[in-house]
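Asks: What follows is structure27.txt; its format and atoms are compact mmCIF, C-alpha atoms.
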```txt
# COMPACT_ATOMS: atom_id res chain seq x y z
CA MET A 1485 -191.09 -49.76 -163.39
CA ARG A 1486 -192.03 -47.66 -160.39
CA LEU A 1487 -194.48 -44.85 -161.06
CA GLN A 1488 -194.00 -41.49 -159.39
CA VAL A 1489 -196.67 -40.06 -157.12
CA ASN A 1490 -197.71 -37.48 -159.75
CA THR A 1491 -198.16 -40.21 -162.35
CA THR A 1492 -200.38 -42.27 -160.09
CA LEU A 1493 -202.38 -39.19 -159.20
CA ALA A 1494 -202.77 -38.37 -162.90
CA LEU A 1495 -204.08 -41.88 -163.60
CA TYR A 1496 -206.62 -41.69 -160.78
CA SER A 1497 -207.71 -38.23 -161.96
CA VAL A 1498 -208.07 -39.21 -165.61
CA ILE A 1499 -210.12 -42.27 -164.66
CA GLU A 1500 -212.28 -40.05 -162.50
CA PHE A 1501 -212.93 -37.62 -165.38
CA ALA A 1502 -213.38 -40.35 -168.01
CA SER A 1503 -215.93 -42.17 -165.88
CA ASP A 1504 -218.21 -39.12 -165.98
CA PRO A 1505 -217.14 -37.23 -169.11
CA LYS A 1506 -220.04 -34.76 -169.19
CA ARG A 1507 -219.54 -33.50 -165.66
CA HIS A 1508 -217.29 -30.62 -164.65
CA ILE A 1509 -215.46 -32.04 -161.66
CA PRO A 1510 -213.91 -29.53 -159.23
CA ALA A 1511 -210.25 -30.19 -158.46
CA ALA A 1512 -211.08 -29.90 -154.76
CA GLU A 1513 -213.40 -32.90 -155.04
CA ILE A 1514 -210.60 -35.09 -156.41
CA ALA A 1515 -208.09 -33.71 -153.90
CA GLU A 1516 -210.42 -34.62 -151.06
CA LYS A 1517 -211.26 -38.06 -152.48
CA TYR A 1518 -207.61 -39.05 -152.83
CA ASP A 1519 -206.38 -37.08 -149.82
CA VAL A 1520 -203.83 -34.98 -151.69
CA SER A 1521 -203.07 -31.28 -151.49
CA PRO A 1522 -205.06 -29.15 -153.97
CA HIS A 1523 -201.81 -27.35 -154.86
CA HIS A 1524 -200.13 -30.64 -155.76
CA LEU A 1525 -203.14 -31.80 -157.76
CA ALA A 1526 -203.36 -28.48 -159.62
CA LYS A 1527 -199.93 -29.09 -161.18
CA VAL A 1528 -200.99 -32.53 -162.34
CA LEU A 1529 -204.26 -31.25 -163.79
CA ALA A 1530 -202.48 -28.39 -165.54
CA GLU A 1531 -200.24 -30.94 -167.29
CA LEU A 1532 -203.27 -33.03 -168.30
CA ALA A 1533 -204.95 -29.88 -169.64
CA ARG A 1534 -201.82 -28.95 -171.64
CA ALA A 1535 -201.93 -32.43 -173.20
CA GLY A 1536 -205.59 -31.94 -174.18
CA ILE A 1537 -206.83 -34.76 -171.96
CA VAL A 1538 -208.95 -32.50 -169.76
CA GLU A 1539 -210.27 -28.99 -170.12
CA SER A 1540 -210.55 -26.40 -167.40
CA VAL A 1541 -213.96 -24.77 -167.08
CA ARG A 1542 -213.99 -21.60 -164.99
CA GLY A 1543 -216.75 -20.03 -162.94
CA VAL A 1544 -219.64 -21.36 -160.91
CA GLY A 1545 -220.09 -25.06 -161.62
CA GLY A 1546 -216.61 -25.10 -163.12
CA GLY A 1547 -213.91 -27.66 -162.74
CA TYR A 1548 -212.29 -30.03 -165.16
CA GLN A 1549 -213.90 -32.10 -167.88
CA PHE A 1550 -212.59 -35.06 -169.86
CA THR A 1551 -211.95 -34.07 -173.49
CA ALA A 1552 -209.93 -37.00 -174.85
CA ASN A 1553 -211.23 -40.05 -176.71
CA ALA A 1554 -211.53 -42.80 -174.09
CA ARG A 1555 -211.28 -45.48 -176.78
CA ARG A 1556 -207.96 -44.07 -178.00
CA LEU A 1557 -206.25 -42.66 -174.92
CA THR A 1558 -204.06 -45.30 -173.28
CA LEU A 1559 -202.61 -45.45 -169.79
CA MET A 1560 -199.20 -45.05 -171.43
CA ASP A 1561 -200.29 -41.75 -173.01
CA VAL A 1562 -200.94 -40.43 -169.51
CA ILE A 1563 -197.90 -42.02 -167.88
CA GLN A 1564 -195.40 -40.67 -170.35
CA LEU A 1565 -196.49 -37.11 -169.58
CA PHE A 1566 -194.96 -37.55 -166.15
CA GLU A 1567 -192.20 -40.14 -166.53
CA ASP A 1568 -188.93 -40.06 -168.43
CA PHE A 1569 -188.39 -43.30 -170.27
CA ALA A 1570 -185.07 -44.47 -171.59
CA PRO A 1571 -185.26 -45.76 -175.16
CA PRO A 1572 -185.80 -49.53 -175.49
CA GLY A 1573 -182.68 -51.49 -174.67
CA ALA A 1574 -180.89 -48.49 -173.22
CA ALA A 1575 -178.46 -49.44 -170.49
CA ARG A 1576 -178.89 -48.01 -167.01
CA HIS A 1577 -175.14 -48.03 -166.59
CA ASN A 1578 -172.43 -46.52 -168.76
CA PRO A 1579 -171.34 -49.44 -170.97
CA LYS A 1580 -167.70 -48.31 -170.68
CA SER A 1581 -167.58 -48.53 -166.91
CA ALA A 1582 -170.29 -51.12 -166.28
CA THR A 1583 -169.37 -54.56 -165.00
CA PRO A 1584 -170.79 -57.72 -166.61
CA VAL A 1585 -173.11 -57.98 -163.59
CA ASP A 1586 -174.39 -54.43 -164.21
CA LEU A 1587 -175.03 -55.20 -167.86
CA ALA A 1588 -176.74 -58.52 -167.17
CA LEU A 1589 -179.02 -56.88 -164.59
CA ASP A 1590 -179.73 -54.06 -167.06
CA ALA A 1591 -180.84 -56.63 -169.61
CA VAL A 1592 -183.27 -58.28 -167.16
CA LEU A 1593 -184.67 -54.97 -165.88
CA SER A 1594 -185.12 -53.74 -169.46
CA GLU A 1595 -187.20 -56.84 -170.22
CA ILE A 1596 -189.50 -56.01 -167.32
CA ASP A 1597 -189.78 -52.36 -168.40
CA GLU A 1598 -190.64 -53.29 -171.97
CA ILE A 1599 -193.40 -55.64 -170.82
CA ALA A 1600 -194.76 -52.96 -168.48
CA LYS A 1601 -194.77 -50.39 -171.29
CA ALA A 1602 -196.53 -52.79 -173.65
CA THR A 1603 -199.18 -53.43 -171.00
CA PHE A 1604 -199.78 -49.73 -170.34
CA SER A 1605 -199.87 -49.05 -174.08
CA SER A 1606 -202.52 -51.70 -174.67
CA ILE A 1607 -205.03 -50.48 -172.11
CA THR A 1608 -207.27 -47.61 -173.10
CA LEU A 1609 -209.35 -45.58 -170.68
CA ALA A 1610 -212.47 -47.29 -172.07
CA THR A 1611 -210.92 -50.67 -171.20
CA MET A 1612 -209.99 -49.40 -167.73
CA LEU A 1613 -213.59 -48.35 -167.14
CA GLN A 1614 -214.70 -51.86 -168.14
CA LEU A 1615 -212.18 -53.37 -165.70
CA ILE A 1616 -213.44 -51.11 -162.93
CA ALA A 1617 -217.03 -52.11 -163.70
CA ARG A 1618 -216.03 -55.78 -163.45
CA GLN A 1619 -214.37 -55.13 -160.10
CA ARG A 1620 -217.52 -53.37 -158.90
CA GLY A 1621 -219.51 -56.35 -160.08
CA GLY A 1622 -217.43 -58.44 -157.73
CA GLY A 1623 -216.31 -60.95 -160.32
CA ALA A 1624 -213.36 -61.52 -162.56
CA GLY A 1625 -215.69 -61.81 -165.52
CA MET B 638 -220.89 -64.15 -189.29
CA ARG B 639 -220.45 -67.52 -190.92
CA ALA B 640 -217.95 -70.26 -191.72
CA VAL B 641 -215.53 -69.51 -194.53
CA ARG B 642 -216.13 -70.78 -198.09
CA ARG B 643 -213.56 -71.27 -200.81
CA ALA B 644 -214.91 -68.20 -202.63
CA ASP B 645 -214.00 -66.09 -199.58
CA LEU B 646 -210.30 -66.79 -199.95
CA ASP B 647 -209.66 -63.89 -202.34
CA PRO B 648 -211.19 -61.23 -200.07
CA VAL B 649 -209.44 -62.81 -197.05
CA ILE B 650 -206.10 -62.64 -198.85
CA ALA B 651 -206.83 -59.06 -199.92
CA ILE B 652 -207.68 -57.94 -196.37
CA ASP B 653 -204.52 -59.57 -195.03
CA ALA B 654 -202.42 -57.97 -197.78
CA THR B 655 -203.93 -54.55 -197.02
CA VAL B 656 -203.17 -54.87 -193.32
CA THR B 657 -199.72 -56.51 -193.50
CA GLY B 658 -198.50 -55.23 -196.86
CA LEU B 659 -197.71 -58.78 -198.00
CA GLU B 660 -199.77 -61.08 -200.18
CA LYS B 661 -199.38 -64.67 -198.96
CA ARG B 662 -201.63 -66.67 -201.27
CA SER B 663 -200.03 -70.08 -200.77
CA TYR B 664 -200.03 -69.59 -196.98
CA TRP B 665 -203.75 -68.79 -197.00
CA GLN B 666 -204.52 -71.75 -199.20
CA ARG B 667 -202.79 -74.00 -196.64
CA VAL B 668 -204.67 -72.30 -193.81
CA TYR B 669 -207.94 -72.81 -195.68
CA ARG B 670 -207.22 -76.53 -196.18
CA ARG B 671 -206.43 -76.91 -192.47
CA TYR B 672 -209.12 -74.70 -190.94
CA GLY B 673 -211.64 -73.88 -193.63
CA ILE B 674 -212.58 -77.45 -194.44
CA ALA B 675 -211.98 -78.95 -191.00
CA ALA B 676 -214.19 -81.93 -190.29
CA ARG B 677 -216.96 -81.56 -187.74
CA GLY B 678 -215.59 -82.18 -184.27
CA GLU B 679 -212.06 -81.01 -185.08
CA GLN B 680 -212.66 -77.83 -183.06
CA ARG B 681 -211.22 -75.45 -185.61
CA TRP B 682 -212.95 -72.28 -186.77
CA PHE B 683 -212.33 -70.08 -189.78
CA LEU B 684 -215.06 -67.45 -189.60
CA VAL B 685 -215.76 -64.54 -191.90
CA ALA B 686 -217.84 -61.41 -191.32
CA GLU B 687 -219.96 -60.04 -194.14
CA MET B 688 -221.26 -56.53 -194.52
CA GLU B 689 -223.64 -55.77 -197.40
CA GLY B 690 -222.69 -59.06 -199.04
CA ARG B 691 -218.95 -58.36 -198.86
CA VAL B 692 -216.39 -60.17 -196.69
CA VAL B 693 -214.94 -57.48 -194.41
CA GLY B 694 -213.18 -59.50 -191.74
CA PHE B 695 -212.14 -62.94 -190.62
CA LEU B 696 -210.99 -64.84 -187.57
CA ILE B 697 -209.27 -68.20 -187.18
CA GLY B 698 -209.12 -70.14 -183.96
CA GLU B 699 -208.98 -73.63 -182.57
CA VAL B 700 -208.85 -75.71 -179.42
CA ARG B 701 -205.37 -76.89 -178.52
CA ASP B 702 -205.05 -79.73 -176.05
CA TRP B 703 -202.40 -79.70 -173.35
CA GLU B 704 -200.25 -77.18 -175.14
CA PHE B 705 -197.80 -75.54 -172.72
CA GLY B 706 -199.16 -77.85 -170.04
CA SER B 707 -202.65 -76.28 -170.16
CA PRO B 708 -205.93 -78.17 -170.26
CA PRO B 709 -207.77 -77.82 -173.60
CA CYS B 710 -207.78 -74.12 -174.36
CA GLY B 711 -209.09 -71.94 -177.18
CA TRP B 712 -206.61 -69.97 -179.25
CA VAL B 713 -207.27 -67.20 -181.71
CA PHE B 714 -204.31 -66.87 -184.01
CA ALA B 715 -205.58 -64.64 -186.79
CA ILE B 716 -208.03 -61.76 -186.82
CA ASP B 717 -208.24 -59.01 -189.38
CA VAL B 718 -210.79 -56.45 -190.43
CA ASP B 719 -210.86 -54.32 -193.56
CA PRO B 720 -209.47 -50.96 -192.33
CA GLN B 721 -212.42 -49.21 -194.06
CA VAL B 722 -214.91 -50.76 -191.64
CA ARG B 723 -212.89 -50.66 -188.43
CA GLN B 724 -214.60 -49.31 -185.32
CA SER B 725 -217.91 -50.81 -186.41
CA GLY B 726 -217.83 -53.84 -184.14
CA VAL B 727 -216.87 -56.44 -186.78
CA ALA B 728 -213.96 -57.89 -184.79
CA SER B 729 -216.02 -57.90 -181.60
CA HIS B 730 -218.73 -59.93 -183.36
CA LEU B 731 -216.12 -62.38 -184.67
CA MET B 732 -214.69 -62.78 -181.17
CA ALA B 733 -218.15 -63.28 -179.72
CA ALA B 734 -218.90 -65.99 -182.31
CA LEU B 735 -215.65 -67.83 -181.53
CA SER B 736 -216.19 -67.47 -177.78
CA ALA B 737 -219.69 -68.93 -178.09
CA SER B 738 -218.38 -71.89 -180.12
CA LEU B 739 -215.61 -72.50 -177.60
CA LYS B 740 -218.03 -72.38 -174.68
CA ARG B 741 -220.17 -75.01 -176.36
CA THR B 742 -217.16 -77.34 -176.45
CA GLY B 743 -216.61 -76.84 -172.73
CA VAL B 744 -213.41 -74.82 -173.10
CA ARG B 745 -212.94 -72.25 -170.33
CA LYS B 746 -210.13 -70.04 -171.65
CA LEU B 747 -209.35 -68.20 -174.85
CA ARG B 748 -205.76 -67.16 -175.49
CA THR B 749 -203.72 -65.42 -178.12
CA LEU B 750 -200.14 -64.32 -178.66
CA LEU B 751 -198.93 -61.26 -180.49
CA ALA B 752 -196.04 -58.84 -180.76
CA ARG B 753 -195.94 -56.47 -177.81
CA ASP B 754 -195.52 -53.47 -180.11
CA ASN B 755 -198.76 -54.33 -181.93
CA THR B 756 -200.69 -51.88 -179.80
CA LEU B 757 -203.70 -51.70 -182.12
CA ILE B 758 -204.55 -55.39 -181.85
CA LEU B 759 -203.36 -55.62 -178.23
CA SER B 760 -205.78 -52.82 -177.34
CA PHE B 761 -208.56 -54.60 -179.19
CA PHE B 762 -208.03 -57.85 -177.26
CA ARG B 763 -207.83 -55.86 -174.00
CA SER B 764 -211.14 -54.20 -174.88
CA GLN B 765 -212.62 -57.69 -175.15
CA GLY B 766 -211.66 -58.35 -171.53
CA MET B 767 -208.47 -60.31 -172.18
CA MET B 768 -205.81 -60.09 -169.48
CA ALA B 769 -202.20 -61.32 -169.33
CA ALA B 770 -202.06 -65.12 -169.35
CA PRO B 771 -199.91 -67.04 -166.87
CA LEU B 772 -197.39 -67.74 -169.63
CA ILE B 773 -194.18 -66.01 -170.64
CA PRO B 774 -193.02 -66.35 -174.24
CA LEU B 775 -189.28 -66.84 -174.57
CA GLU B 776 -186.96 -67.00 -177.54
CA LEU B 777 -183.35 -67.92 -178.08
CA ASP B 778 -181.02 -65.99 -180.35
CA LEU B 779 -179.14 -68.91 -181.88
CA GLN B 780 -176.55 -66.67 -183.54
CA GLU B 781 -175.63 -65.06 -180.25
CA VAL B 782 -175.63 -68.16 -178.05
CA LEU B 783 -174.05 -70.58 -180.48
CA PRO B 784 -171.64 -68.52 -182.63
CA ASN B 785 -169.48 -71.56 -183.43
CA GLY B 786 -171.82 -74.32 -182.51
CA ASN B 787 -170.49 -74.49 -178.93
CA GLY B 788 -171.50 -71.24 -177.25
CA ALA B 789 -171.43 -70.54 -173.53
CA GLY B 790 -175.15 -71.06 -173.24
CA ALA B 791 -175.17 -74.52 -174.76
CA ALA B 792 -176.86 -77.18 -172.66
CA ARG B 793 -174.52 -79.81 -171.32
```
If you took the structure in this file and wrote it as structure tokens, what would it be?

Replies:
Amino acid sequence: MRLQVNTTLALYSVIEFASDPKRHIPAAEIAEKYDVSPHHLAKVLAELARAGIVESVRGVGGGYQFTANARRLTLMDVIQLFEDFAPPGAARHNPKSATPVDLALDAVLSEIDEIAKATFSSITLATMLQLIARQRGGGAG
Amino acid sequence: MRAVRRADLDPVIAIDATVTGLEKRSYWQRVYRRYGIAARGEQRWFLVAEMEGRVVGFLIGEVRDWEFGSPPCGWVFAIDVDPQVRQSGVASHLMAALSASLKRTGVRKLRTLLARDNTLILSFFRSQGMMAAPLIPLELDLQEVLPNGNGAGAAR
């Protein structure tokens, strides 16, 4: 599974908001931190706001604020806002025209995708913040 | 948090039945005989959590030696909490009690195995700091590989 640029940017942004949920963080601050265009980031943040993960606060001191439940929101919840997933077991090739090699490779790649999805679905934002804290602590725990 | 007693079996069975939708009395009686009355030094734990005098959760684990080529390693293979008291730290306390017991035996790792679509329990174990182990579970569909007892995948 290869994540698109917008998906990765959404994950970084959500982690940023969740790590300081009371603060209104200006989009420009995140754009500068991750060296992305504010215009590009605005589209990502708008999608996160539509999903109820962040809330836009206008005016002086405005920005975006985390509004989801960090113990419930998983990485997969964020990822699937930006990625199209085929249903489990769906072939990448048309079964009518696919060769046995195509189908065998599809089966292996589907295994990898399913494991990746299970991993993303099992990690909440609260768990991610714990992992980040462990990394900051310099140990594997 | 304490070791299970025979009188706890009914609430344990009830919690499991609530969570899984299946009552498995004879299974739990076997589990109790194996883990609940394990002799000292057998490195098996069947722990229950009480809240206001009522059993509200349980955990079962053990040390397995050289399984899958690993040095002695702790395994947790059952954990359940009454859905009415979830999110109150019961399972975390059970895990902490098992981890402490395992550490005292000198074991360095705690592992578990569960269905990848069981996101509730997977998320719980992740929240406890568990990461993917260097193991990959595999299974063989015997019907598909050996339709007539001599399928293409048969070892020769």

Asks: Grab the atom CA of Thr749 of chain B to atom CA of Ala651 of chain B distance for me, in Å with one decimal place.

Replies: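 That distance, rounded to one decimal, is 22.9 Å.
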
Asks: Contacts of Leu735 of chain B at 9 Å or less, counting all atoms listed in the file, minus same-chain residues fewer than 3 places along, as a VMD selection string?

Replies: chain B and resid 682 684 696 to 699 711 713 730 to 732 738 to 740

Asks: What is the distance between atom CA of Leu1557 of chain A and atom CA of Met638 of chain B, in Å to one decimal?

Replies: 29.7 Å

Asks: Return the neighbours of chain A among the residues of chain B, cut-off 7 Å, counting all atoms listed in the file, as a list in words.

Replies: Arg753, Asp754, Thr756, Leu759, Ser760, Arg763 and Ser764 of chain B

Asks: Would you give the centre and edge lengths, in Å to one decimal, of a box along x, y and z around the listed atoms of segment 1606-1613 of chain A, with 3 Å added to each side, as lines of an AutoDock Vina configuration file?

Replies:
```
center_x = -208.1
center_y = -48.6
center_z = -170.9
size_x = 17.1
size_y = 12.1
size_z = 13.5
```

Asks: As an exercise, work out the distance from atom CA of Ile652 of chain B to atom CA of Arg723 of chain B in Å and give it to one decimal place.

Replies: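 Answer for the atom CA of Ile652 of chain B to atom CA of Arg723 of chain B separation: 12.0 Å.
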
Asks: Point out the residue among A:Ala1570, A:Val1544, A:Leu1525, A:Leu1613 with the least atom-to-atom distance to Asp1597 of chain A, counting all atoms listed in the file.

Replies: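 The shortest atom-to-atom distance to Asp1597 of chain A comes from A:Ala1570.
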
Asks: Let me make sure I understand: among A:Ala1515, A:Phe1501, A:Asp1568, A:Val1520, which one has the smallest atom-to-atom distance to Leu1532 of chain A if we use only C-alpha atoms?

Replies: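 Of all the options, A:Phe1501 lies closest to Leu1532 of chain A.
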